[in-house]
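> Before I ask anything, here is the structure I am working with.
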Amino acid sequence: MPAPPLLPSPLLLLAGLLISCSSLSTTVAARELAGGTRPARPAEAAVAAWLERNRERPTALRAFVKRLPKGGDIHSHLSGAVYAESYLGWAAADGYCVDPSKPALVKPSACIQNPSYFPASQLLEKTALYDQLINQWSTRNLPFSGRSGHDQFFAAFAGFEPVSSSLTRQDDMVVEVANRAALQHINYLELMLTVQGSEVRRLGRSAGWDGDAAQTRQRLLSLGLANVVAQGSRDLETLNREIATTLACGTARAQPGCVVTVRFLQQTTRTKPLAEVFAQLLYAFELSKASPSVVGINLVAPEDHPLALRDYTQQMRMLRFLKSHYPDVKISLHAGELTLGLVPPEHLRFHIRQAVQLAQANRIGHGVDVMEEDQPFQLLEEMRKRDLLVEICLTSNEVTLNVAGDNHPFADYKRAGVAMALASDDEGISRSDLSQQFLLATLRYRLSYRDLKTLARNSLAYSFLKGTSLWTSSSYTAVQPHCAADLPGSRTPSSRCVSFLASSDRARVQWKLESDFAAFEALPDFQWHGPRQRRTGAQTL
């Protein structure tokens, strides 16, 4: 199948990244990539020293992490990543109304039902209601909401759902998130979204669920699931074209997001009856096979929901069955997004373990309650041996679970050698971004510059992008022989390296990250050796 037309072709992207740092081509910025142990290069050592000198300056570190190349954001819900202000702007442009008694959006078709409704376009003149809607659709001003962060966070989705579920605004949503990613020096996004969700759930209700996964799968296929998959693939092709058009990629008006590679994870809502959950999961596996835009699947919605708790083990068994039929489909699971007090203690004992062992997940999202699991140290060792990655969402965990600092298992995963990547989760609702996750990790866990580079590299190495990794191992000490003699950013890479990068989506974005690191480490800011030393020249960080 052809590559998704969301962004410029792989060869165009490759050409761009090969010349993006051409001024570094005569340096030794990445020569150690060829192999062996990697002593700190002078430029890398200068950045590391800058970080240590400024470790107690959060404002300086915020500037540092904003400019830091971050690789990918691989745990991001598309609808929750959009800021409330954007939803309100689109609602105004698309003819929505507002019910001031709640307040809540009213779809255009229902605007005439009540004379008290007023056009959303008037919200800018009614700032109290405007601010109230933003506060309802996010965790802004959370201390004054009178609600727990958990309840406020998950309730926010329902508020903007009339707009976020509209196909007419999906391209604008992706464009907003991609542009924000580009400005944070993120070059890859895995966005969770739902395609053809209501139709799939309808099929699930028709097929029913009697506990026999094999027979239920056959019933769903006989009811026309393949047709829904085909329609979902067409929907994604249309979405990709619309995104590229809105971004104006390849034109003089190209927006920043054009340089970001975007792929999708098909969501399954875990808070539905089992018949609907199985249908959604089967559809997600089938869609991942059919559409090059979909690189994997995920389970979403509150893990502490009564149905999610009751059916957790059964859902993991469903995944095990489907994985046996679709072994190449990648799975990321929200698991362990729980804490003592939120649910009865018995629910903290097995969720991550079953996601690992039963569902055979490739990645775990959140994993906050890992130390509450039965035999947690054995589980951590198993996760390390299986080479699973945990998607760490620091702001989200603090807001929804009140877990932060030393109470977060970040240090436990690090000490156990379990791979991690930082992720934004729902940056629009949390009023945050991936840069903030890097800042929090740096401040709370005293991470070194090499630690930050590892987190960024992990996000791409453990992404669900297709193709061979640029690196020969997870230690990131040696690249594949095809590019061992080449420098990221060189104008004249070898033909062998060019061919290899063109053949692998994964290697291509990894090569871009290494080029970005080389450019970052060449910034003059890091040659400044102390706060009292006079600075000349422009600030470039």
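Naming works like this for the structure tokens: A, B, ... for the chains as they're shown, residue 1 at the start of each chain, ligands 1 onward in shown order.
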Could you list, as a CSV table (one decimal) with N, CA and C atoms, in the first residue's frame, every residue within 7 Å of Asp425 of chain A, counting only C-alpha atoms and ignoring same-chain residues fewer than 6 positions away?


chain,number,residue,atom,x,y,z
A,75,HIS,N,1.9,9.1,23.2
A,75,HIS,CA,0.7,8.9,24.0
A,75,HIS,C,-0.1,10.2,24.0
A,76,SER,N,-0.9,10.4,23.0
A,76,SER,CA,-1.6,11.7,22.9
A,76,SER,C,-3.0,11.4,22.3
A,77,HIS,N,-4.0,11.8,23.0
A,77,HIS,CA,-5.4,11.7,22.6
A,77,HIS,C,-5.8,12.9,21.7
A,393,CYS,N,3.3,10.0,31.8
A,393,CYS,CA,2.5,11.2,31.6
A,393,CYS,C,2.4,11.9,33.0
A,396,SER,N,-0.5,14.6,33.7
A,396,SER,CA,-1.8,13.9,33.8
A,396,SER,C,-1.9,13.1,35.1

> Any chance you could list, as a PyMOL selection string, the residues in segment 387-503 of chain A that come up alpha helix (DSSP H) when DSSP is run on the backbone?

chain A and resi 394-401+410-416+427-430+434-445+449-461+495-503

> Please produce a file of those selected residues containing N, CA and C atoms, as a compact mmCIF listing (two decimals), in the first residue's frame.


# COMPACT_ATOMS: atom_id res chain seq x y z
N LEU A 394 3.45 12.70 33.28
CA LEU A 394 3.61 13.26 34.62
C LEU A 394 2.51 14.24 34.98
N THR A 395 2.20 15.20 34.10
CA THR A 395 1.16 16.18 34.43
C THR A 395 -0.19 15.50 34.59
N SER A 396 -0.52 14.60 33.68
CA SER A 396 -1.79 13.88 33.75
C SER A 396 -1.91 13.11 35.05
N ASN A 397 -0.86 12.41 35.44
CA ASN A 397 -0.91 11.62 36.67
C ASN A 397 -1.05 12.49 37.91
N GLU A 398 -0.45 13.67 37.87
CA GLU A 398 -0.57 14.57 39.01
C GLU A 398 -1.99 15.13 39.10
N VAL A 399 -2.57 15.48 37.95
CA VAL A 399 -3.90 16.10 37.95
C VAL A 399 -4.99 15.08 38.27
N THR A 400 -4.94 13.91 37.64
CA THR A 400 -6.06 12.96 37.77
C THR A 400 -5.90 12.01 38.94
N LEU A 401 -4.66 11.72 39.34
CA LEU A 401 -4.44 10.74 40.40
C LEU A 401 -3.78 11.32 41.64
N PHE A 410 8.33 6.68 38.48
CA PHE A 410 9.35 6.98 37.48
C PHE A 410 10.71 6.42 37.90
N ALA A 411 11.12 6.72 39.13
CA ALA A 411 12.43 6.27 39.60
C ALA A 411 12.49 4.74 39.71
N ASP A 412 11.37 4.10 40.02
CA ASP A 412 11.35 2.63 40.11
C ASP A 412 11.56 2.01 38.73
N TYR A 413 10.89 2.56 37.72
CA TYR A 413 11.10 2.06 36.36
C TYR A 413 12.55 2.29 35.92
N LYS A 414 13.06 3.45 36.23
CA LYS A 414 14.44 3.78 35.81
C LYS A 414 15.43 2.85 36.49
N ARG A 415 15.24 2.64 37.78
CA ARG A 415 16.16 1.77 38.53
C ARG A 415 16.10 0.33 38.02
N ALA A 416 14.93 -0.11 37.59
CA ALA A 416 14.75 -1.48 37.10
C ALA A 416 15.19 -1.65 35.65
N GLU A 427 -2.82 17.32 26.24
CA GLU A 427 -2.21 18.61 26.56
C GLU A 427 -3.21 19.76 26.55
N GLY A 428 -4.29 19.64 25.76
CA GLY A 428 -5.28 20.71 25.76
C GLY A 428 -6.07 20.75 27.05
N ILE A 429 -6.49 19.59 27.53
CA ILE A 429 -7.24 19.54 28.79
C ILE A 429 -6.34 19.90 29.96
N SER A 430 -5.11 19.40 29.94
CA SER A 430 -4.19 19.65 31.06
C SER A 430 -3.52 21.01 30.98
N LEU A 434 4.45 18.71 25.83
CA LEU A 434 5.51 17.73 26.06
C LEU A 434 6.75 18.39 26.67
N SER A 435 7.00 19.64 26.33
CA SER A 435 8.13 20.35 26.94
C SER A 435 8.00 20.37 28.46
N GLN A 436 6.78 20.56 28.94
CA GLN A 436 6.56 20.59 30.39
C GLN A 436 6.87 19.25 31.02
N GLN A 437 6.61 18.16 30.30
CA GLN A 437 6.93 16.84 30.85
C GLN A 437 8.44 16.67 31.00
N PHE A 438 9.20 17.18 30.04
CA PHE A 438 10.65 17.12 30.14
C PHE A 438 11.15 18.01 31.28
N LEU A 439 10.50 19.16 31.47
CA LEU A 439 10.89 20.04 32.57
C LEU A 439 10.63 19.37 33.92
N LEU A 440 9.44 18.81 34.08
CA LEU A 440 9.11 18.16 35.35
C LEU A 440 10.04 17.00 35.64
N ALA A 441 10.33 16.19 34.62
CA ALA A 441 11.23 15.05 34.82
C ALA A 441 12.62 15.51 35.21
N THR A 442 13.09 16.59 34.58
CA THR A 442 14.42 17.12 34.89
C THR A 442 14.49 17.63 36.32
N LEU A 443 13.47 18.37 36.73
CA LEU A 443 13.47 18.97 38.05
C LEU A 443 13.25 17.92 39.15
N ARG A 444 12.32 17.00 38.92
CA ARG A 444 11.94 16.07 39.98
C ARG A 444 12.90 14.91 40.14
N TYR A 445 13.51 14.48 39.04
CA TYR A 445 14.33 13.27 39.10
C TYR A 445 15.79 13.52 38.73
N TYR A 449 21.61 15.28 30.90
CA TYR A 449 21.32 15.54 29.50
C TYR A 449 21.23 14.23 28.73
N ARG A 450 22.09 13.28 29.03
CA ARG A 450 22.01 11.98 28.35
C ARG A 450 20.71 11.25 28.68
N ASP A 451 20.22 11.40 29.92
CA ASP A 451 18.92 10.82 30.27
C ASP A 451 17.83 11.39 29.37
N LEU A 452 17.87 12.70 29.17
CA LEU A 452 16.85 13.35 28.33
C LEU A 452 16.95 12.86 26.89
N LYS A 453 18.18 12.70 26.40
CA LYS A 453 18.35 12.19 25.05
C LYS A 453 17.81 10.76 24.93
N THR A 454 18.03 9.96 25.96
CA THR A 454 17.51 8.58 25.93
C THR A 454 15.99 8.56 25.89
N LEU A 455 15.35 9.41 26.69
CA LEU A 455 13.90 9.48 26.66
C LEU A 455 13.38 9.86 25.28
N ALA A 456 14.04 10.82 24.65
CA ALA A 456 13.64 11.23 23.30
C ALA A 456 13.87 10.10 22.30
N ARG A 457 15.01 9.45 22.38
CA ARG A 457 15.31 8.35 21.46
C ARG A 457 14.35 7.18 21.67
N ASN A 458 14.00 6.92 22.94
CA ASN A 458 13.06 5.83 23.21
C ASN A 458 11.72 6.06 22.52
N SER A 459 11.28 7.31 22.48
CA SER A 459 9.96 7.59 21.90
C SER A 459 9.88 7.17 20.45
N LEU A 460 11.00 7.17 19.74
CA LEU A 460 11.01 6.75 18.34
C LEU A 460 11.36 5.28 18.20
N ALA A 461 12.29 4.81 19.02
CA ALA A 461 12.67 3.39 18.93
C ALA A 461 11.51 2.48 19.29
N SER A 495 25.05 7.06 -0.73
CA SER A 495 23.86 6.53 -1.40
C SER A 495 23.29 5.35 -0.62
N ARG A 496 24.18 4.61 0.03
CA ARG A 496 23.73 3.46 0.83
C ARG A 496 22.87 3.92 2.00
N CYS A 497 23.28 5.01 2.66
CA CYS A 497 22.52 5.54 3.78
C CYS A 497 21.19 6.13 3.29
N VAL A 498 21.22 6.85 2.19
CA VAL A 498 20.01 7.43 1.64
C VAL A 498 18.99 6.34 1.33
N SER A 499 19.43 5.26 0.73
CA SER A 499 18.53 4.16 0.38
C SER A 499 17.94 3.52 1.62
N PHE A 500 18.78 3.34 2.64
CA PHE A 500 18.29 2.73 3.88
C PHE A 500 17.24 3.62 4.54
N LEU A 501 17.50 4.90 4.66
CA LEU A 501 16.55 5.80 5.31
C LEU A 501 15.25 5.89 4.53
N ALA A 502 15.33 5.84 3.21
CA ALA A 502 14.12 5.89 2.40
C ALA A 502 13.28 4.63 2.57
N SER A 503 13.90 3.55 3.01
CA SER A 503 13.17 2.28 3.14
C SER A 503 12.52 2.10 4.50

> May I have all residues of segment 178-412 of chain A that DSSP, computed from the backbone, assigns to strand (DSSP E), given as a ChimeraX atom specification?

/A:186-193,261-269,294-300,331-335,363-366,389-392
